[in-house]
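K.L.:
What follows is my_file_3.txt; its format and atoms are compact mmCIF, C-alpha atoms.
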# COMPACT_ATOMS: atom_id res chain seq x y z
CA MET A 1 0.00 0.00 0.00
CA PRO A 2 1.86 3.16 -1.15
CA HIS A 3 1.65 5.88 1.46
CA ALA A 4 3.54 8.88 2.78
CA HIS A 5 3.49 10.85 6.00
CA LEU A 6 3.36 14.54 5.09
CA PRO A 7 5.24 16.61 7.69
CA ASP A 8 4.61 19.81 5.72
CA ARG A 9 0.87 19.47 6.37
CA ALA A 10 -1.03 20.06 9.61
CA THR A 11 -4.64 20.17 10.77
CA LEU A 12 -6.85 22.75 12.38
CA LEU A 13 -10.08 21.63 14.08
CA VAL A 14 -13.15 23.86 14.00
CA THR A 15 -15.73 22.54 16.46
CA GLY A 16 -18.87 23.67 18.21
CA THR A 17 -22.59 23.90 17.53
CA GLU A 18 -22.11 26.62 14.90
CA ALA A 19 -18.94 25.25 13.28
CA GLU A 20 -20.52 24.30 9.97
CA PRO A 21 -22.58 27.46 9.34
CA PHE A 22 -19.59 29.55 10.47
CA LEU A 23 -17.32 28.00 7.82
CA GLN A 24 -20.06 27.68 5.21
CA ASN A 25 -20.33 31.48 5.10
CA LEU A 26 -16.56 31.93 4.70
CA VAL A 27 -15.00 29.21 2.51
CA THR A 28 -15.44 28.36 -1.15
CA ALA A 29 -16.68 24.74 -0.97
CA ASP A 30 -20.25 23.72 -0.18
CA LEU A 31 -20.07 22.06 3.24
CA ALA A 32 -23.75 21.11 3.24
CA SER A 33 -23.00 18.38 0.68
CA LEU A 34 -19.75 17.21 2.32
CA SER A 35 -19.95 13.48 3.10
CA ASP A 36 -18.30 11.66 6.00
CA GLY A 37 -15.97 9.71 3.70
CA GLU A 38 -14.28 12.55 1.83
CA ALA A 39 -11.74 15.32 2.20
CA ARG A 40 -12.86 18.10 -0.13
CA PRO A 41 -10.68 20.93 -1.46
CA SER A 42 -11.65 24.43 -0.40
CA ALA A 43 -10.14 27.85 0.23
CA LEU A 44 -10.49 31.05 2.18
CA LEU A 45 -10.20 34.05 -0.13
CA THR A 46 -9.43 37.72 0.11
CA PRO A 47 -12.38 40.06 -0.56
CA GLN A 48 -10.80 40.52 -4.01
CA GLY A 49 -11.24 36.80 -4.71
CA LYS A 50 -7.63 35.59 -4.40
CA ILE A 51 -6.62 32.56 -2.34
CA LEU A 52 -5.33 33.33 1.15
CA PHE A 53 -5.32 29.69 2.27
CA ASP A 54 -6.27 26.45 0.57
CA PHE A 55 -7.01 23.25 2.46
CA LEU A 56 -8.86 19.97 2.52
CA VAL A 57 -11.97 19.99 4.68
CA SER A 58 -13.47 16.87 6.26
CA ARG A 59 -15.98 16.02 8.95
CA ILE A 60 -15.09 15.06 12.53
CA GLU A 61 -17.31 14.51 15.52
CA GLY A 62 -18.64 17.90 16.55
CA GLY A 63 -17.18 19.87 13.67
CA LEU A 64 -14.76 20.01 10.77
CA ARG A 65 -11.06 19.42 10.12
CA LEU A 66 -8.97 21.70 7.90
CA ASP A 67 -5.85 20.04 6.42
CA VAL A 68 -3.54 22.93 5.50
CA ALA A 69 0.13 23.70 4.84
CA ALA A 70 1.87 23.45 8.22
CA GLY A 71 3.50 26.85 7.82
CA ALA A 72 0.12 28.49 7.21
CA ARG A 73 -1.89 26.86 10.02
CA GLY A 74 -1.24 29.58 12.59
CA ASP A 75 -2.17 32.37 10.20
CA LEU A 76 -5.31 30.52 9.14
CA ALA A 77 -6.34 30.16 12.79
CA LYS A 78 -5.82 33.89 13.34
CA ARG A 79 -7.83 34.78 10.25
CA LEU A 80 -10.74 32.54 11.25
CA THR A 81 -10.65 34.00 14.76
CA LEU A 82 -11.12 37.48 13.26
CA TYR A 83 -14.35 36.26 11.66
CA LYS A 84 -15.52 34.38 14.74
CA LEU A 85 -17.13 37.26 16.67
CA ARG A 86 -19.79 35.61 18.90
CA ALA A 87 -20.13 32.37 16.98
CA LYS A 88 -20.16 29.26 19.18
CA VAL A 89 -17.00 27.88 17.64
CA THR A 90 -13.65 26.62 18.93
CA ILE A 91 -10.62 26.84 16.63
CA ALA A 92 -7.69 24.68 17.73
CA PRO A 93 -4.61 23.01 16.18
CA SER A 94 -4.28 19.24 16.33
CA ASP A 95 -1.15 17.09 16.58
CA GLU A 96 -2.65 14.27 14.46
CA PRO A 97 -0.41 13.10 11.59
CA VAL A 98 -1.35 13.71 7.96
CA VAL A 99 -0.88 10.68 5.72
CA ALA A 100 -1.52 10.26 1.99
CA VAL A 101 -2.46 6.78 0.76
CA TRP A 102 -2.93 5.83 -2.87
CA ASP A 103 -3.57 2.94 -5.26
CA GLU A 104 -5.94 1.23 -2.84
CA ALA A 105 -8.77 -0.57 -4.60
CA ALA A 106 -11.10 0.45 -1.78
CA PRO A 107 -10.48 2.69 1.22
CA SER A 108 -9.77 1.06 4.57
CA ASP A 109 -11.38 2.20 7.79
CA GLY A 110 -10.55 5.82 8.53
CA ALA A 111 -9.46 6.67 4.98
CA LEU A 112 -11.07 9.71 3.36
CA ALA A 113 -11.20 10.13 -0.41
CA ASP A 114 -9.03 13.09 -1.47
CA ARG A 115 -11.38 14.78 -3.92
CA ARG A 116 -8.61 16.71 -5.65
CA PHE A 117 -7.66 13.47 -7.40
CA PRO A 118 -9.81 11.58 -9.92
CA ALA A 119 -9.63 8.28 -7.98
CA ARG A 120 -7.83 6.07 -5.47
CA VAL A 121 -6.04 8.71 -3.41
CA PHE A 122 -6.95 9.03 0.26
CA ARG A 123 -6.13 10.97 3.41
CA ARG A 124 -5.67 9.42 6.85
CA TYR A 125 -5.14 11.30 10.09
CA GLU A 126 -3.54 8.56 12.16
CA GLU A 127 -0.37 6.50 12.13
CA ILE A 128 -0.72 3.58 9.73
CA ALA A 129 2.75 1.97 9.69
CA ALA A 130 6.19 2.26 11.20
CA ASP A 131 7.53 2.94 7.71
CA ASP A 132 7.03 6.60 6.83
CA GLY A 133 6.79 5.83 3.13
CA ASN A 134 8.26 8.15 0.54
CA PRO A 135 6.84 11.71 0.29
CA SER A 136 8.64 12.20 -3.04
CA ASP A 137 6.50 9.45 -4.57
CA PHE A 138 3.36 11.30 -3.54
CA GLU A 139 4.84 14.55 -4.86
CA ALA A 140 5.39 12.97 -8.26
CA LEU A 141 1.82 11.63 -8.27
CA ARG A 142 0.47 15.06 -7.32
CA LEU A 143 2.40 16.84 -10.05
CA SER A 144 1.53 14.25 -12.70
CA LEU A 145 -2.14 15.06 -12.14
CA GLY A 146 -1.77 18.83 -11.95
CA ILE A 147 -2.73 19.25 -8.28
CA ALA A 148 -1.41 22.58 -6.98
CA GLU A 149 -1.06 23.50 -3.29
CA ALA A 150 -0.64 26.89 -1.62
CA GLU A 151 2.72 27.55 0.05
CA ARG A 152 4.39 24.66 -1.79
CA ASP A 153 3.51 25.78 -5.33
CA PHE A 154 2.19 29.33 -5.06
CA PRO A 155 2.10 32.06 -2.38
CA GLY A 156 -1.06 33.30 -0.69
CA SER A 157 -2.96 36.25 -2.19
CA ASP A 158 -1.40 35.61 -5.61
CA VAL A 159 -3.89 33.46 -7.54
CA PHE A 160 -7.61 33.06 -8.10
CA PRO A 161 -9.39 29.73 -7.49
CA HIS A 162 -9.83 29.25 -11.25
CA ASP A 163 -6.07 29.55 -11.77
CA VAL A 164 -5.42 26.42 -9.68
CA LEU A 165 -8.51 24.53 -10.87
CA LEU A 166 -10.64 24.75 -7.73
CA ASP A 167 -13.55 25.38 -10.08
CA GLN A 168 -12.92 21.92 -11.58
CA ASN A 169 -12.93 19.71 -8.44
CA GLU A 170 -15.80 21.01 -6.26
CA GLY A 171 -13.38 23.32 -4.46
CA VAL A 172 -15.71 26.23 -5.30
CA SER A 173 -19.49 26.16 -5.15
CA PHE A 174 -21.29 28.55 -7.47
CA ARG A 175 -24.69 27.67 -6.02
CA LYS A 176 -24.41 27.76 -2.24
CA GLY A 177 -24.53 31.55 -1.88
CA CYS A 178 -22.15 34.05 -0.36
CA PHE A 179 -18.61 33.46 0.86
CA VAL A 180 -15.64 35.79 1.13
CA GLY A 181 -14.60 36.86 -2.38
CA GLN A 182 -17.64 35.19 -3.97
CA GLU A 183 -18.62 38.11 -6.21
CA VAL A 184 -15.30 38.22 -8.06
CA VAL A 185 -15.05 34.44 -8.45
CA SER A 186 -18.63 34.15 -9.70
CA ARG A 187 -18.02 36.91 -12.23
CA MET A 188 -14.99 35.05 -13.59
CA GLN A 189 -17.09 31.90 -13.88
CA HIS A 190 -20.05 33.44 -15.65
CA ARG A 191 -18.00 35.61 -18.01
CA GLY A 192 -15.51 32.85 -18.77
CA THR A 193 -12.56 35.18 -18.20
CA ALA A 194 -10.19 32.69 -16.55
CA ARG A 195 -7.06 32.61 -18.70
CA ARG A 196 -4.35 31.46 -16.27
CA ARG A 197 -4.53 27.74 -15.62
CA VAL A 198 -2.38 25.07 -13.99
CA MET A 199 -1.03 22.64 -16.59
CA VAL A 200 1.10 19.51 -16.32
CA LEU A 201 4.60 20.01 -17.76
CA ARG A 202 6.77 17.27 -19.23
CA ALA A 203 10.26 18.34 -20.29
CA GLU A 204 13.14 16.82 -22.21
CA GLY A 205 15.45 17.71 -19.32
CA HIS A 206 15.48 19.10 -15.80
CA LEU A 207 12.74 21.59 -14.91
CA THR A 208 13.59 24.42 -12.51
CA PRO A 209 10.79 25.82 -10.31
CA GLY A 210 10.40 29.55 -10.83
CA SER A 211 11.72 29.55 -14.39
CA ASN A 212 9.73 31.22 -17.15
CA LEU A 213 7.80 29.23 -19.70
CA GLU A 214 8.44 30.78 -23.09
CA ALA A 215 7.08 30.33 -26.59
CA GLY A 216 8.32 32.27 -29.58
CA GLY A 217 10.55 34.35 -27.31
CA LYS A 218 7.62 35.51 -25.16
CA ALA A 219 6.86 34.52 -21.57
CA ILE A 220 3.55 32.69 -21.30
CA GLY A 221 3.81 31.25 -17.78
CA THR A 222 5.92 30.01 -14.89
CA VAL A 223 7.09 26.64 -13.63
CA LEU A 224 5.53 26.30 -10.16
CA SER A 225 7.03 23.01 -8.93
CA ALA A 226 8.95 20.13 -10.47
CA VAL A 227 10.56 16.77 -9.83
CA GLU A 228 13.27 16.22 -12.45
CA SER A 229 11.50 16.51 -15.84
CA LEU A 230 7.93 16.49 -14.48
CA GLY A 231 6.24 19.59 -13.14
CA ILE A 232 3.27 21.90 -13.06
CA GLY A 233 3.13 25.42 -14.40
CA MET A 234 0.83 28.43 -14.33
CA VAL A 235 0.16 29.11 -18.00
CA ARG A 236 -1.69 31.82 -19.90
CA ILE A 237 -3.62 29.36 -21.99
CA ASP A 238 -4.71 31.94 -24.57
CA ARG A 239 -1.07 32.86 -25.22
CA LEU A 240 -0.10 29.19 -25.34
CA VAL A 241 -2.70 28.48 -28.02
CA ASP A 242 -1.63 31.48 -30.08
CA ALA A 243 2.03 30.43 -29.84
CA LEU A 244 1.32 26.84 -30.82
CA SER A 245 -0.88 28.00 -33.70
CA ALA A 246 2.09 30.04 -34.95
CA GLY A 247 4.32 26.96 -34.75
CA ALA A 248 6.32 28.13 -31.73
CA GLU A 249 7.71 25.57 -29.28
CA LEU A 250 7.37 25.81 -25.51
CA SER A 251 10.52 25.83 -23.38
CA ALA A 252 11.80 26.61 -19.88
CA ASP A 253 15.41 27.77 -19.52
CA GLY A 254 15.99 26.49 -23.05
CA VAL A 255 14.64 23.00 -22.26
CA PRO A 256 11.79 21.88 -24.59
CA VAL A 257 8.54 21.36 -22.69
CA GLU A 258 5.12 19.97 -23.46
CA ALA A 259 2.12 21.33 -21.54
CA GLU A 260 -0.97 19.20 -20.92
CA VAL A 261 -4.41 19.93 -19.51
CA PRO A 262 -4.70 17.67 -16.41
CA SER A 263 -6.56 14.50 -17.36
CA TRP A 264 -9.38 15.12 -14.86
CA ALA A 265 -9.88 18.83 -15.56
CA GLY A 266 -12.83 19.96 -17.64
CA TYR A 267 -11.49 23.24 -18.96
CA ALA A 268 -10.70 23.64 -22.64
CA LEU A 269 -8.03 25.63 -24.41
CA PRO A 270 -9.46 28.77 -26.05
CA GLN A 271 -9.63 29.36 -29.77
CA PRO A 272 -6.55 31.00 -31.33
CA GLY A 273 -6.59 34.75 -30.93
CA ALA A 274 -9.06 34.72 -27.99
CA GLY A 275 -8.38 37.46 -25.48
CA GLY A 276 -8.94 37.46 -21.74
CA GLU A 277 -8.09 39.00 -18.41
CA ALA A 278 -4.62 38.63 -16.97
Could I get this structure in the form of structure tokens?

P.N.:
Amino acid sequence: MPHAHLPDRATLLVTGTEAEPFLQNLVTADLASLSDGEARPSALLTPQGKILFDFLVSRIEGGLRLDVAAGARGDLAKRLTLYKLRAKVTIAPSDEPVVAVWDEAAPSDGALADRRFPARVFRRYEEIAADDGNPSDFEALRLSLGIAEAERDFPGSDVFPHDVLLDQNEGVSFRKGCFVGQEVVSRMQHRGTARRRVMVLRAEGHLTPGSNLEAGGKAIGTVLSAVESLGIGMVRIDRLVDALSAGAELSADGVPVEAEVPSWAGYALPQPGAGGEA
């Protein structure tokens, strides 16, 4: 059973009689439809619609668990406390381990389906073996499927949910009503103005995180994270299509690269010459 303990992840527990309505009015995902057996992607946004924190949210007895980048947990707790006011909610860190498990035919007891992935990837919040597994194997799996994470791949307040595909995996609900930043995100959805997208990158050589993706001598994106020749990038998909239509090749630091829409994502590349917002 491939698995990996993830020391760069941590959990924050939000409990109390008003825990669910408190978070439902703040975060992007619809918690009313959250089942007991899943960990669903979600985010807390700025009022301008950019991601402050992204996390996986799952149910626990008496409340909800937020699985977030370990370095961001304290700031997330502070931000939620600012919104708390008189709500009957307790916000507290947990010392439970965060474990990724994949390639199981069916989840074992305590495993929650990680809804960022198309299938057979789970989260557990307990020790499952003396062997810590190999986090680099999970990293390669994550990148091969175009799953981006805040702090590891992109900084807070820098990207919109559409940029990192939260509109594609139930990370954003466009039906549940208001949440912080909802007006901007809904406008992007209804106008179809999302032009930056995460794409899977496969190179003929080593990929360097932070390097520019170029086509025809023009920058069209950035390498976010990579393991050897596999990575993910933030790409202006309209500029990519125009460059490819003109016969230009994509490269990063002179290394030829191919960019792919993640296999599970439902977005399409625009028609050549289509404009959009930056």

K.L.:
Could you name the residues that touch segment 177-193 of chain A at 8 Å or less, counting only C-alpha atoms, but leaving out those on the same chain fewer than 6 positions away, as a list in words?

P.N.:
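That gives Gln24, Asn25, Leu26, Val27, Thr28, Leu44, Leu45, Thr46, Pro47, Gln48, Gly49, Lys50, Phe160, Pro161, His162, Gly276 and Glu277 of chain A.
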
K.L.:
Atom CA of Val57 of chain A and atom CA of Ser42 of chain A, how far apart in Å?

P.N.:
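Going from atom CA of Ser42 of chain A over to atom CA of Val57 of chain A, I get 6.8 Å.
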
K.L.:
Which of these residues is nearest to Thr15 of chain A, using only C-alpha atoms: A:Ala70, A:Val89, A:Ser35, A:Lys78?

P.N.:
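Among A:Ala70, A:Val89, A:Ser35, A:Lys78, it is A:Val89 that comes nearest to Thr15 of chain A.
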
K.L.:
List the spatial neighbours of Thr222 of chain A as a CSV table (one decimal) with C-alpha atoms, keeping the file's coordinate frame - criterion: any atom at most 9 Å away, all atoms listed in the file, same-chain residues fewer than 2 positions off excluded.

P.N.:
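Saved result, around30.csv, follows:
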chain,number,residue,atom,x,y,z
A,209,PRO,CA,10.8,25.8,-10.3
A,210,GLY,CA,10.4,29.6,-10.8
A,211,SER,CA,11.7,29.6,-14.4
A,212,ASN,CA,9.7,31.2,-17.2
A,213,LEU,CA,7.8,29.2,-19.7
A,214,GLU,CA,8.4,30.8,-23.1
A,219,ALA,CA,6.9,34.5,-21.6
A,220,ILE,CA,3.6,32.7,-21.3
A,224,LEU,CA,5.5,26.3,-10.2
A,232,ILE,CA,3.3,21.9,-13.1
A,233,GLY,CA,3.1,25.4,-14.4
A,234,MET,CA,0.8,28.4,-14.3
A,235,VAL,CA,0.2,29.1,-18.0
A,252,ALA,CA,11.8,26.6,-19.9

K.L.:
Which residue out of A:Glu38, A:Glu151, A:Asp75, A:Asp137 has the minimum interatomic distance to Ala113 of chain A when only C-alpha atoms are used?

P.N.:
A:Glu38

K.L.:
Hey, which of A:His206, A:Arg79, A:Arg142, A:Lys218 ends up closest to Arg116 of chain A? Count all atoms listed in the file.

P.N.:
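When distances to Arg116 of chain A are compared using all atoms listed in the file, the smallest one comes from A:Arg142.
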
K.L.:
With all atoms listed in the file as the counted atoms, please give the residues lying no more than 10 Å from segment 164-169 of chain A, apart from itself and same-chain residues fewer than 2 positions off, as an MDAnalysis selection string.

P.N.:
chainID A and resid 28:29 40:43 51 54 115:118 146:150 153:154 159:162 171:174 185 189 196:199 233:234 262 264:267

K.L.:
Those residues you just picked out, can you put them in a file as a short mmCIF file (atom, residue, chain, number, x, y, z; two decimals), in the coordinates of the input with C-alpha atoms?

P.N.:
data_model
loop_
_atom_site.label_atom_id
_atom_site.label_comp_id
_atom_site.auth_asym_id
_atom_site.auth_seq_id
_atom_site.Cartn_x
_atom_site.Cartn_y
_atom_site.Cartn_z
CA THR A 28 -15.44 28.36 -1.15
CA ALA A 29 -16.68 24.74 -0.97
CA ARG A 40 -12.86 18.10 -0.13
CA PRO A 41 -10.68 20.93 -1.46
CA SER A 42 -11.65 24.43 -0.40
CA ALA A 43 -10.14 27.85 0.23
CA ILE A 51 -6.62 32.56 -2.34
CA ASP A 54 -6.27 26.45 0.57
CA ARG A 115 -11.38 14.78 -3.92
CA ARG A 116 -8.61 16.71 -5.65
CA PHE A 117 -7.66 13.47 -7.40
CA PRO A 118 -9.81 11.58 -9.92
CA GLY A 146 -1.77 18.83 -11.95
CA ILE A 147 -2.73 19.25 -8.28
CA ALA A 148 -1.41 22.58 -6.98
CA GLU A 149 -1.06 23.50 -3.29
CA ALA A 150 -0.64 26.89 -1.62
CA ASP A 153 3.51 25.78 -5.33
CA PHE A 154 2.19 29.33 -5.06
CA VAL A 159 -3.89 33.46 -7.54
CA PHE A 160 -7.61 33.06 -8.10
CA PRO A 161 -9.39 29.73 -7.49
CA HIS A 162 -9.83 29.25 -11.25
CA GLY A 171 -13.38 23.32 -4.46
CA VAL A 172 -15.71 26.23 -5.30
CA SER A 173 -19.49 26.16 -5.15
CA PHE A 174 -21.29 28.55 -7.47
CA VAL A 185 -15.05 34.44 -8.45
CA GLN A 189 -17.09 31.90 -13.88
CA ARG A 196 -4.35 31.46 -16.27
CA ARG A 197 -4.53 27.74 -15.62
CA VAL A 198 -2.38 25.07 -13.99
CA MET A 199 -1.03 22.64 -16.59
CA GLY A 233 3.13 25.42 -14.40
CA MET A 234 0.83 28.43 -14.33
CA PRO A 262 -4.70 17.67 -16.41
CA TRP A 264 -9.38 15.12 -14.86
CA ALA A 265 -9.88 18.83 -15.56
CA GLY A 266 -12.83 19.96 -17.64
CA TYR A 267 -11.49 23.24 -18.96
#

K.L.:
Report the distance between atom CA of Pro7 of chain A and atom CA of Ala72 of chain A in Å, rounded to one decimal place.

P.N.:
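These atoms are spaced 12.9 Å apart.
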
K.L.:
Go through A:Leu34, A:Val14, A:Leu82, A:Ala203 and flag the residue nearest Leu64 of chain A, using all atoms listed in the file for the distances.

P.N.:
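Looking at the shortest contact to Leu64 of chain A, the residue is A:Val14.
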
K.L.:
Skipping near chain neighbours, those fewer than 3 positions away, what residues fall within 12 Å of Ile128 of chain A using all atoms listed in the file, listed as a PyMOL selection string?

P.N.:
chain A and resi 1-5+96-101+108-111+123-125+131-133

K.L.:
Take the residues just selected and output them with C-alpha atoms as a PDB file, in the coordinates of the input.

P.N.:
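Once everything was written out, this is out-v9.pdb:
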ATOM      1  CA  MET A   1       0.000   0.000   0.000  1.00  0.00           C
ATOM      2  CA  PRO A   2       1.860   3.160  -1.150  1.00  0.00           C
ATOM      3  CA  HIS A   3       1.650   5.880   1.460  1.00  0.00           C
ATOM      4  CA  ALA A   4       3.540   8.880   2.780  1.00  0.00           C
ATOM      5  CA  HIS A   5       3.490  10.850   6.000  1.00  0.00           C
ATOM      6  CA  GLU A  96      -2.650  14.270  14.460  1.00  0.00           C
ATOM      7  CA  PRO A  97      -0.410  13.100  11.590  1.00  0.00           C
ATOM      8  CA  VAL A  98      -1.350  13.710   7.960  1.00  0.00           C
ATOM      9  CA  VAL A  99      -0.880  10.680   5.720  1.00  0.00           C
ATOM     10  CA  ALA A 100      -1.520  10.260   1.990  1.00  0.00           C
ATOM     11  CA  VAL A 101      -2.460   6.780   0.760  1.00  0.00           C
ATOM     12  CA  SER A 108      -9.770   1.060   4.570  1.00  0.00           C
ATOM     13  CA  ASP A 109     -11.380   2.200   7.790  1.00  0.00           C
ATOM     14  CA  GLY A 110     -10.550   5.820   8.530  1.00  0.00           C
ATOM     15  CA  ALA A 111      -9.460   6.670   4.980  1.00  0.00           C
ATOM     16  CA  ARG A 123      -6.130  10.970   3.410  1.00  0.00           C
ATOM     17  CA  ARG A 124      -5.670   9.420   6.850  1.00  0.00           C
ATOM     18  CA  TYR A 125      -5.140  11.300  10.090  1.00  0.00           C
ATOM     19  CA  ASP A 131       7.530   2.940   7.710  1.00  0.00           C
ATOM     20  CA  ASP A 132       7.030   6.600   6.830  1.00  0.00           C
ATOM     21  CA  GLY A 133       6.790   5.830   3.130  1.00  0.00           C
TER      22      GLY A 133
END

K.L.:
Would you please work out which residue, of A:Ser58, A:Thr17, A:Gly247, A:Ala69, is nearest to Pro155 of chain A when using only C-alpha atoms?

P.N.:
A:Ala69

K.L.:
Which centre and which edge lengths, in Å to one decimal, describe the axis-aligned box that holds all listed atoms of segment 229-237 of chain A after 6 Å is added on each side, as AutoDock Vina command-line options?

P.N.:
--center_x 3.9 --center_y 24.2 --center_z -17.5 --size_x 27.1 --size_y 27.3 --size_z 20.9
